[in-house]
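Have a look at structure-v4.cif; it's mmCIF, C-alpha atoms and all ligand atoms:
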data_structure
#
loop_
_atom_site.label_atom_id
_atom_site.label_comp_id
_atom_site.auth_asym_id
_atom_site.auth_seq_id
_atom_site.Cartn_x
_atom_site.Cartn_y
_atom_site.Cartn_z
CA MET A 1 0.21 14.68 -10.50
CA ARG A 2 0.18 11.73 -8.09
CA ILE A 3 -2.04 12.14 -5.02
CA PRO A 4 -0.06 11.11 -1.91
CA LEU A 5 -1.42 8.19 0.07
CA VAL A 6 -0.88 7.15 3.68
CA ALA A 7 -2.27 3.78 4.76
CA GLY A 8 -2.33 2.29 8.24
CA ASN A 9 -1.88 -1.48 8.46
CA TRP A 10 -3.22 -2.54 11.85
CA LYS A 11 -2.14 -6.15 11.25
CA MET A 12 -3.56 -8.67 13.78
CA ASN A 13 -4.24 -5.99 16.39
CA THR A 14 -7.45 -4.54 17.85
CA SER A 15 -10.71 -6.23 18.80
CA VAL A 16 -13.81 -4.77 17.16
CA ASP A 17 -14.33 -2.52 20.20
CA GLU A 18 -10.72 -1.37 20.15
CA ALA A 19 -10.85 -0.72 16.40
CA GLU A 20 -13.96 1.45 16.81
CA LYS A 21 -12.32 3.35 19.65
CA LEU A 22 -9.16 3.92 17.62
CA VAL A 23 -11.17 5.24 14.68
CA LEU A 24 -13.05 7.63 16.96
CA GLU A 25 -9.73 8.92 18.29
CA MET A 26 -8.34 9.69 14.84
CA LEU A 27 -11.45 10.47 12.81
CA ASP A 28 -11.62 14.25 13.21
CA GLY A 29 -7.88 14.75 12.98
CA LEU A 30 -7.66 12.76 9.74
CA ASP A 31 -10.84 14.01 8.18
CA ARG A 32 -9.74 17.65 8.19
CA LEU A 33 -6.52 16.88 6.28
CA ASP A 34 -6.76 17.36 2.51
CA GLY A 35 -4.44 16.47 -0.31
CA VAL A 36 -3.60 12.98 0.96
CA GLU A 37 -5.59 9.81 0.43
CA LYS A 38 -6.06 8.27 3.90
CA VAL A 39 -6.60 4.54 4.22
CA LEU A 40 -7.14 2.36 7.30
CA CYS A 41 -6.61 -1.40 7.04
CA PRO A 42 -8.09 -3.02 10.17
CA PRO A 43 -8.59 -6.78 10.70
CA PHE A 44 -11.36 -8.32 8.55
CA VAL A 45 -13.86 -8.53 11.44
CA SER A 46 -13.79 -4.75 11.88
CA LEU A 47 -14.37 -3.85 8.22
CA VAL A 48 -18.17 -3.88 8.51
CA PRO A 49 -18.52 -1.69 11.62
CA LEU A 50 -15.78 0.68 10.46
CA SER A 51 -17.32 1.02 7.00
CA MET A 52 -20.45 2.31 8.74
CA MET A 53 -18.51 4.63 11.04
CA LEU A 54 -16.54 6.11 8.13
CA GLN A 55 -19.52 6.78 5.89
CA GLY A 56 -19.48 10.43 4.83
CA SER A 57 -15.84 10.88 5.88
CA SER A 58 -12.80 11.22 3.63
CA ILE A 59 -11.17 8.14 5.17
CA LYS A 60 -11.07 4.98 3.12
CA LEU A 61 -10.84 1.36 4.14
CA GLY A 62 -8.57 -1.42 2.99
CA ALA A 63 -8.32 -5.12 3.77
CA GLN A 64 -5.01 -6.69 4.73
CA ASN A 65 -5.25 -9.69 2.40
CA MET A 66 -7.69 -11.77 0.34
CA TYR A 67 -7.80 -15.00 -1.63
CA PHE A 68 -7.99 -14.97 -5.41
CA GLU A 69 -10.97 -17.29 -5.93
CA ALA A 70 -14.49 -15.84 -5.92
CA LYS A 71 -16.02 -18.54 -3.69
CA GLY A 72 -15.83 -22.20 -2.77
CA ALA A 73 -14.21 -24.70 -0.43
CA TYR A 74 -11.40 -22.51 0.92
CA THR A 75 -11.98 -22.62 4.68
CA GLY A 76 -10.89 -19.50 6.45
CA GLU A 77 -10.32 -17.40 3.33
CA ILE A 78 -11.95 -14.12 2.29
CA SER A 79 -12.82 -13.54 -1.36
CA PRO A 80 -12.67 -10.37 -3.44
CA LEU A 81 -16.46 -10.53 -3.83
CA MET A 82 -16.85 -10.30 -0.05
CA LEU A 83 -14.63 -7.23 0.09
CA SER A 84 -15.93 -5.30 -2.88
CA GLY A 85 -18.37 -2.66 -1.73
CA LEU A 86 -16.96 -2.89 1.80
CA CYS A 87 -13.51 -1.44 1.18
CA GLU A 88 -11.67 0.26 -1.66
CA PHE A 89 -8.13 -1.07 -1.15
CA VAL A 90 -6.51 -4.39 -0.34
CA ILE A 91 -2.93 -4.95 0.81
CA LEU A 92 -1.41 -7.82 -1.18
CA GLY A 93 1.97 -9.52 -0.91
CA HIS A 94 2.83 -8.08 2.49
CA SER A 95 6.13 -9.58 3.62
CA GLU A 96 4.36 -11.22 6.58
CA ARG A 97 2.12 -13.04 4.08
CA ARG A 98 5.15 -14.03 2.02
CA TRP A 99 7.34 -15.19 4.92
CA CYS A 100 4.86 -16.42 7.57
CA PHE A 101 2.28 -17.93 5.18
CA GLY A 102 4.36 -18.96 2.19
CA GLU A 103 2.76 -16.73 -0.44
CA THR A 104 4.63 -16.84 -3.72
CA ASP A 105 4.93 -14.17 -6.41
CA GLU A 106 2.64 -16.29 -8.59
CA MET A 107 -0.09 -16.41 -5.91
CA ILE A 108 0.26 -12.68 -5.36
CA SER A 109 -0.13 -12.12 -9.09
CA LYS A 110 -3.42 -14.04 -9.07
CA LYS A 111 -4.58 -11.94 -6.14
CA VAL A 112 -3.67 -8.67 -7.89
CA LYS A 113 -5.68 -9.69 -10.95
CA ALA A 114 -8.64 -10.88 -8.88
CA ALA A 115 -8.64 -7.62 -6.90
CA LEU A 116 -8.59 -5.44 -10.02
CA ALA A 117 -11.25 -7.54 -11.73
CA ASN A 118 -13.52 -6.95 -8.70
CA GLY A 119 -12.94 -3.21 -8.45
CA LEU A 120 -10.52 -3.37 -5.50
CA LYS A 121 -7.28 -1.37 -5.54
CA PRO A 122 -4.25 -3.46 -4.62
CA ILE A 123 -1.54 -2.00 -2.42
CA LEU A 124 1.12 -4.36 -3.70
CA CYS A 125 4.00 -4.79 -1.24
CA VAL A 126 7.50 -5.63 -2.43
CA GLY A 127 10.79 -5.61 -0.59
CA GLU A 128 14.04 -7.45 -0.08
CA ARG A 129 15.19 -9.35 3.01
CA LEU A 130 18.28 -8.33 4.97
CA GLU A 131 20.48 -11.06 3.48
CA GLU A 132 19.36 -10.12 -0.03
CA ASN A 133 20.12 -6.48 0.69
CA GLU A 134 23.54 -7.34 2.07
CA ALA A 135 24.29 -9.55 -0.93
CA GLY A 136 23.55 -6.63 -3.28
CA LYS A 137 20.44 -8.38 -4.64
CA THR A 138 17.84 -5.70 -3.85
CA GLU A 139 17.13 -4.77 -7.47
CA GLU A 140 17.06 -8.38 -8.66
CA VAL A 141 14.54 -9.34 -5.94
CA ILE A 142 12.35 -6.29 -6.44
CA ASN A 143 12.37 -6.68 -10.20
CA ARG A 144 11.19 -10.29 -9.86
CA GLN A 145 8.48 -9.42 -7.33
CA VAL A 146 7.15 -6.53 -9.43
CA THR A 147 7.28 -8.20 -12.82
CA VAL A 148 5.80 -11.54 -11.71
CA ALA A 149 3.03 -9.92 -9.64
CA LEU A 150 2.06 -7.60 -12.48
CA ASP A 151 2.59 -9.98 -15.37
CA GLY A 152 -0.44 -9.76 -17.65
CA VAL A 153 -1.94 -6.87 -15.70
CA GLY A 154 -2.75 -3.52 -17.26
CA LEU A 155 -3.37 -3.24 -20.95
CA ASN A 156 -4.40 -6.89 -20.77
CA VAL A 157 -6.62 -6.58 -17.71
CA PRO A 158 -8.50 -9.86 -17.15
CA GLY A 159 -11.68 -9.79 -19.16
CA GLY A 160 -10.10 -7.32 -21.60
CA ASP A 161 -11.83 -4.40 -19.92
CA ILE A 162 -10.09 -1.49 -21.66
CA GLU A 163 -11.79 1.10 -19.46
CA LYS A 164 -10.29 -0.59 -16.43
CA ALA A 165 -6.91 -0.74 -18.12
CA GLU A 166 -6.95 3.00 -18.72
CA ARG A 167 -7.55 3.63 -15.06
CA MET A 168 -4.73 1.31 -14.01
CA SER A 169 -2.63 4.12 -12.66
CA ASP A 170 -5.31 5.10 -10.11
CA ASN A 171 -6.12 1.54 -9.26
CA LEU A 172 -2.72 0.28 -8.25
CA VAL A 173 -0.45 1.39 -5.40
CA ILE A 174 2.94 -0.14 -4.77
CA ALA A 175 4.54 -0.16 -1.32
CA TYR A 176 8.29 -0.58 -1.16
CA GLU A 177 8.82 -2.26 2.21
CA PRO A 178 12.32 -3.60 2.85
CA VAL A 179 11.71 -6.59 5.13
CA TRP A 180 14.60 -5.57 7.41
CA ALA A 181 12.83 -2.28 8.15
CA ILE A 182 9.39 -3.66 9.02
CA GLY A 183 8.62 -3.56 12.72
CA THR A 184 12.31 -3.29 13.59
CA GLY A 185 12.57 0.43 14.33
CA LYS A 186 15.36 0.54 11.69
CA ALA A 187 13.83 2.49 8.83
CA ALA A 188 15.62 2.85 5.51
CA THR A 189 17.02 6.30 4.83
CA GLY A 190 15.03 8.61 2.57
CA GLU A 191 17.79 8.27 -0.04
CA GLN A 192 17.73 4.46 0.03
CA ALA A 193 13.96 4.35 -0.26
CA ALA A 194 13.86 6.95 -3.04
CA ALA A 195 16.54 5.13 -5.05
CA THR A 196 14.70 1.79 -4.89
CA ILE A 197 11.40 3.46 -5.68
CA GLU A 198 12.99 5.05 -8.73
CA PHE A 199 14.11 1.56 -9.75
CA ILE A 200 10.55 0.24 -9.28
CA ARG A 201 9.22 3.02 -11.48
CA LYS A 202 11.66 2.02 -14.22
CA ALA A 203 10.47 -1.59 -13.91
CA LEU A 204 6.86 -0.35 -14.31
CA ALA A 205 7.86 1.64 -17.38
CA GLY A 206 9.30 -1.58 -18.81
CA LEU A 207 6.01 -3.39 -18.15
CA TRP A 208 3.77 -0.65 -19.56
CA ASN A 209 5.21 2.72 -20.59
CA ARG A 210 6.80 5.78 -18.97
CA ASP A 211 3.61 7.82 -18.72
CA THR A 212 1.74 5.06 -16.89
CA ALA A 213 4.73 4.41 -14.62
CA GLU A 214 4.90 8.12 -13.75
CA GLU A 215 1.27 8.07 -12.65
CA ILE A 216 1.38 5.04 -10.34
CA ARG A 217 1.82 5.83 -6.66
CA ILE A 218 4.73 4.17 -4.90
CA VAL A 219 4.91 4.59 -1.13
CA TYR A 220 7.54 3.58 1.42
CA GLY A 221 6.88 1.32 4.42
CA GLY A 222 9.12 0.16 7.26
CA SER A 223 9.25 1.71 10.75
CA VAL A 224 7.68 5.00 9.61
CA THR A 225 6.86 7.28 12.56
CA GLY A 226 5.89 10.86 13.20
CA ALA A 227 9.57 11.55 13.80
CA ASN A 228 10.88 10.29 10.44
CA ILE A 229 8.01 10.72 7.94
CA ALA A 230 9.39 14.07 6.75
CA GLU A 231 12.54 12.35 5.53
CA PHE A 232 10.43 10.19 3.19
CA ALA A 233 7.69 12.63 2.23
CA SER A 234 10.25 15.23 1.16
CA HIS A 235 11.46 13.00 -1.68
CA ARG A 236 9.58 13.63 -4.91
CA GLU A 237 9.76 9.90 -5.75
CA ILE A 238 8.05 8.78 -2.51
CA ASP A 239 4.28 9.22 -2.66
CA GLY A 240 3.46 8.54 0.98
CA ALA A 241 3.71 5.67 3.43
CA LEU A 242 2.35 2.30 4.53
CA VAL A 243 2.50 2.47 8.29
CA GLY A 244 2.30 -0.49 10.67
CA GLY A 245 3.00 0.02 14.39
CA ALA A 246 2.65 3.80 14.36
CA SER A 247 -0.83 3.57 12.80
CA LEU A 248 -2.12 2.05 16.06
CA LYS A 249 -1.50 5.34 17.88
CA ALA A 250 -4.08 7.91 16.86
CA ASP A 251 -1.97 11.02 17.49
CA GLU A 252 1.05 9.62 15.74
CA PHE A 253 -0.87 8.44 12.68
CA VAL A 254 -2.58 11.83 12.36
CA ALA A 255 0.85 13.50 12.67
CA ILE A 256 2.21 11.29 9.85
CA VAL A 257 -0.68 12.19 7.55
CA GLU A 258 -0.49 15.87 8.55
CA GLN A 259 3.23 16.12 7.73
CA THR A 260 2.75 14.27 4.44
CA ALA A 261 -0.06 16.66 3.46
CA ARG A 262 2.02 19.70 4.40
CA ILE A 263 5.23 18.61 2.67
CA LYS A 264 3.57 17.31 -0.50
CA GLY A 265 1.25 20.34 -0.60
CA ARG A 266 4.25 22.68 -0.41
CA ASP A 267 5.94 20.76 -3.24
CA ARG A 268 2.85 21.08 -5.39
CA THR A 269 2.67 24.84 -4.80
CA SER A 270 6.37 25.36 -5.49
CA ARG A 271 6.15 23.47 -8.81
CA ARG A 272 3.32 25.65 -10.13
C1 LIG A 301 3.88 -2.77 7.71
O1 LIG A 301 3.32 -3.59 8.40
O2 LIG A 301 3.59 -2.69 6.51
C2 LIG A 301 4.91 -1.91 8.30
C3 LIG A 301 5.56 -1.11 7.52
O3 LIG A 301 5.10 -2.02 9.67
P1 LIG A 301 5.94 -1.02 10.61
O4 LIG A 301 5.53 0.39 10.22
O5 LIG A 301 5.54 -1.37 11.98
O6 LIG A 301 7.39 -1.25 10.31
#
What does the file become when written as structure tokens?
Amino acid sequence: MRIPLVAGNWKMNTSVDEAEKLVLEMLDGLDRLDGVEKVLCPPFVSLVPLSMMLQGSSIKLGAQNMYFEAKGAYTGEISPLMLSGLCEFVILGHSERRWCFGETDEMISKKVKAALANGLKPILCVGERLEENEAGKTEEVINRQVTVALDGVGLNVPGGDIEKAERMSDNLVIAYEPVWAIGTGKAATGEQAAATIEFIRKALAGLWNRDTAEEIRIVYGGSVTGANIAEFASHREIDGALVGGASLKADEFVAIVEQTARIKGRDRTSRR
């Protein structure tokens, strides 16, 4: 049984003061909701104060990016060693990293391996651009992004740590985020998202095996709001959401998590 996950990606928004205020506004509302893993991904500078504020709560922290080297002459970068112990998750391969900062599938693959080797759980983002979608290339693009990023990951975890390999399914989250849906207000339909997520799961089965693929959480991201989350959460294939803009509004983010918990909880009860 996959535990649903809803993560808020605050992107390059909020000063430290604003981030603390936003957490205070959503803390109680989120904390009382069970059955969904709740993750906030603020800017790097707010990770330390928020990690203190969230101690003892059920809300987890994620970073929005990291570099793959442990340390050295990489001005401006943040290493996995700096993040481990501070947050549990790290968003990798977000389309804004790919398209604004030139990250390649190969770089993202190095980051995924470095995150796992340092006990961080990647939220690996994949998704096609509008022109690729319109040219009927969605599956080709997604297949390349998934297989290159995860090449050599899993049963061959760096360092050959078998224990880590066995926990792969808990340690990795994939976010299907069609680029044309991010920040545009034009979300995919539940059917479109579920179909591509099913395709991703098949690609994962090809990389590892069906059982492992069935256990890995795959969420949808792209203009998710309180008004449309039900359309995504009601699909068995979709394990939650990565939320950008709407995660900056406390009431709306709590409403997204609340609906996900309710819909997924009902599904679990009806399958018993
Ligand atoms: C995102 O940044 O990952 C995202 C999905 O943004 P938005 O919800 O604003 O489309």
Could you list, as a PDB file with C-alpha atoms, in the frame of the given file, all the residues within 9 Å of ligand LIG 301 (chain A), counting all atoms listed in the file?
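Saved to selection.pdb:
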ATOM      1  CA  ALA A   7      -2.270   3.780   4.760  1.00  0.00           C
ATOM      2  CA  GLY A   8      -2.330   2.290   8.240  1.00  0.00           C
ATOM      3  CA  ASN A   9      -1.880  -1.480   8.460  1.00  0.00           C
ATOM      4  CA  TRP A  10      -3.220  -2.540  11.850  1.00  0.00           C
ATOM      5  CA  LYS A  11      -2.140  -6.150  11.250  1.00  0.00           C
ATOM      6  CA  ILE A  91      -2.930  -4.950   0.810  1.00  0.00           C
ATOM      7  CA  HIS A  94       2.830  -8.080   2.490  1.00  0.00           C
ATOM      8  CA  SER A  95       6.130  -9.580   3.620  1.00  0.00           C
ATOM      9  CA  GLU A  96       4.360 -11.220   6.580  1.00  0.00           C
ATOM     10  CA  CYS A 125       4.000  -4.790  -1.240  1.00  0.00           C
ATOM     11  CA  ALA A 175       4.540  -0.160  -1.320  1.00  0.00           C
ATOM     12  CA  GLU A 177       8.820  -2.260   2.210  1.00  0.00           C
ATOM     13  CA  PRO A 178      12.320  -3.600   2.850  1.00  0.00           C
ATOM     14  CA  VAL A 179      11.710  -6.590   5.130  1.00  0.00           C
ATOM     15  CA  TRP A 180      14.600  -5.570   7.410  1.00  0.00           C
ATOM     16  CA  ALA A 181      12.830  -2.280   8.150  1.00  0.00           C
ATOM     17  CA  ILE A 182       9.390  -3.660   9.020  1.00  0.00           C
ATOM     18  CA  GLY A 183       8.620  -3.560  12.720  1.00  0.00           C
ATOM     19  CA  THR A 184      12.310  -3.290  13.590  1.00  0.00           C
ATOM     20  CA  GLY A 185      12.570   0.430  14.330  1.00  0.00           C
ATOM     21  CA  LYS A 186      15.360   0.540  11.690  1.00  0.00           C
ATOM     22  CA  ALA A 187      13.830   2.490   8.830  1.00  0.00           C
ATOM     23  CA  TYR A 220       7.540   3.580   1.420  1.00  0.00           C
ATOM     24  CA  GLY A 221       6.880   1.320   4.420  1.00  0.00           C
ATOM     25  CA  GLY A 222       9.120   0.160   7.260  1.00  0.00           C
ATOM     26  CA  SER A 223       9.250   1.710  10.750  1.00  0.00           C
ATOM     27  CA  VAL A 224       7.680   5.000   9.610  1.00  0.00           C
ATOM     28  CA  THR A 225       6.860   7.280  12.560  1.00  0.00           C
ATOM     29  CA  ALA A 241       3.710   5.670   3.430  1.00  0.00           C
ATOM     30  CA  LEU A 242       2.350   2.300   4.530  1.00  0.00           C
ATOM     31  CA  VAL A 243       2.500   2.470   8.290  1.00  0.00           C
ATOM     32  CA  GLY A 244       2.300  -0.490  10.670  1.00  0.00           C
ATOM     33  CA  GLY A 245       3.000   0.020  14.390  1.00  0.00           C
ATOM     34  CA  ALA A 246       2.650   3.800  14.360  1.00  0.00           C
ATOM     35  CA  SER A 247      -0.830   3.570  12.800  1.00  0.00           C
TER      36      SER A 247
END
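Going from CA of Ala261 in chain A to CA of Met52 in chain A covers 25.5 Å.
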- Among A:Cys87, A:Met82, A:Val146, A:Leu248, Lys21 in chain A is approached most closely, using all atoms listed in the file, by A:Leu248
- Item | Nearest-residue call for Gly127 in chain A, choices A:Cys100, A:Ile256, A:Ile229, A:Ala193, using all atoms listed in the file |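 Smallest distance to Gly127 in chain A is found for A:Ala193.
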- Message: Need to verify the contact set: range 111-118 of chain A, 7 Å, only C-alpha atoms, exclusion of same-chain residues closer than 4 positions in sequence. Can you return it as an MDAnalysis selection string?
- Response: chainID A and resid 67:68 80:81 84 107 122 153 158
- Item | Length of the CA of Gly119 in chain A to CA of Glu198 in chain A vector [Å] |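 The value is 27.2 Å.
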- Message: To one decimal place in Å, what is the distance between CA of Gly85 in chain A and CA of Ser51 in chain A?
- Response: 9.5 Å
- Contacts of Asn13 in chain A at 12 Å (only C-alpha atoms; same-chain gap of 6+ positions) as an NGL selection string: :A and (19 or 22 or 41-46 or 64 or 244-245 or 247-249)
- Item | Surrounding residues of Ile218 in chain A excluding itself and chain neighbours under 3 positions, 9 Å, all atoms listed in the file, as a ChimeraX atom specification | /A:4-5,173-176,197,200-201,237-241
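Using only C-alpha atoms, the set of residues no farther than 12 Å from the position (3.5, -14.4, -10.0) comprises Gly93, Glu103, Thr104, Asp105, Glu106, Met107, Ile108, Ser109, Lys110, Lys111, Val112, Lys113, Asn143, Arg144, Gln145, Val146, Thr147, Val148, Ala149, Leu150, Asp151, Gly152 and Val153 of chain A.
Minimum atom-to-atom distances from A:Arg2, A:Trp99, A:Leu50, A:Gly76 to Leu172 in chain A were compared using all atoms listed in the file, and the lowest value belongs to A:Arg2.
When all atoms listed in the file are used to compute distances to Glu215 in chain A, the closest of the residues A:Lys264, A:Asp170, A:Lys60, A:Glu128 turns out to be A:Asp170.
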- Item | Which of A:Ala203, A:Ile59, A:Ile123, A:Ile263 sits closest to Val141 in chain A [using only C-alpha atoms] |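 Among the listed residues, the smallest separation from Val141 in chain A belongs to A:Ala203.
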- Query: For Thr212 in chain A, which residue among A:Val16, A:Glu77, A:Ser169, A:Lys71 is the nearest when counting all atoms listed in the file?
  - Reply: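 For Thr212 in chain A, the nearest of the given residues is A:Ser169.
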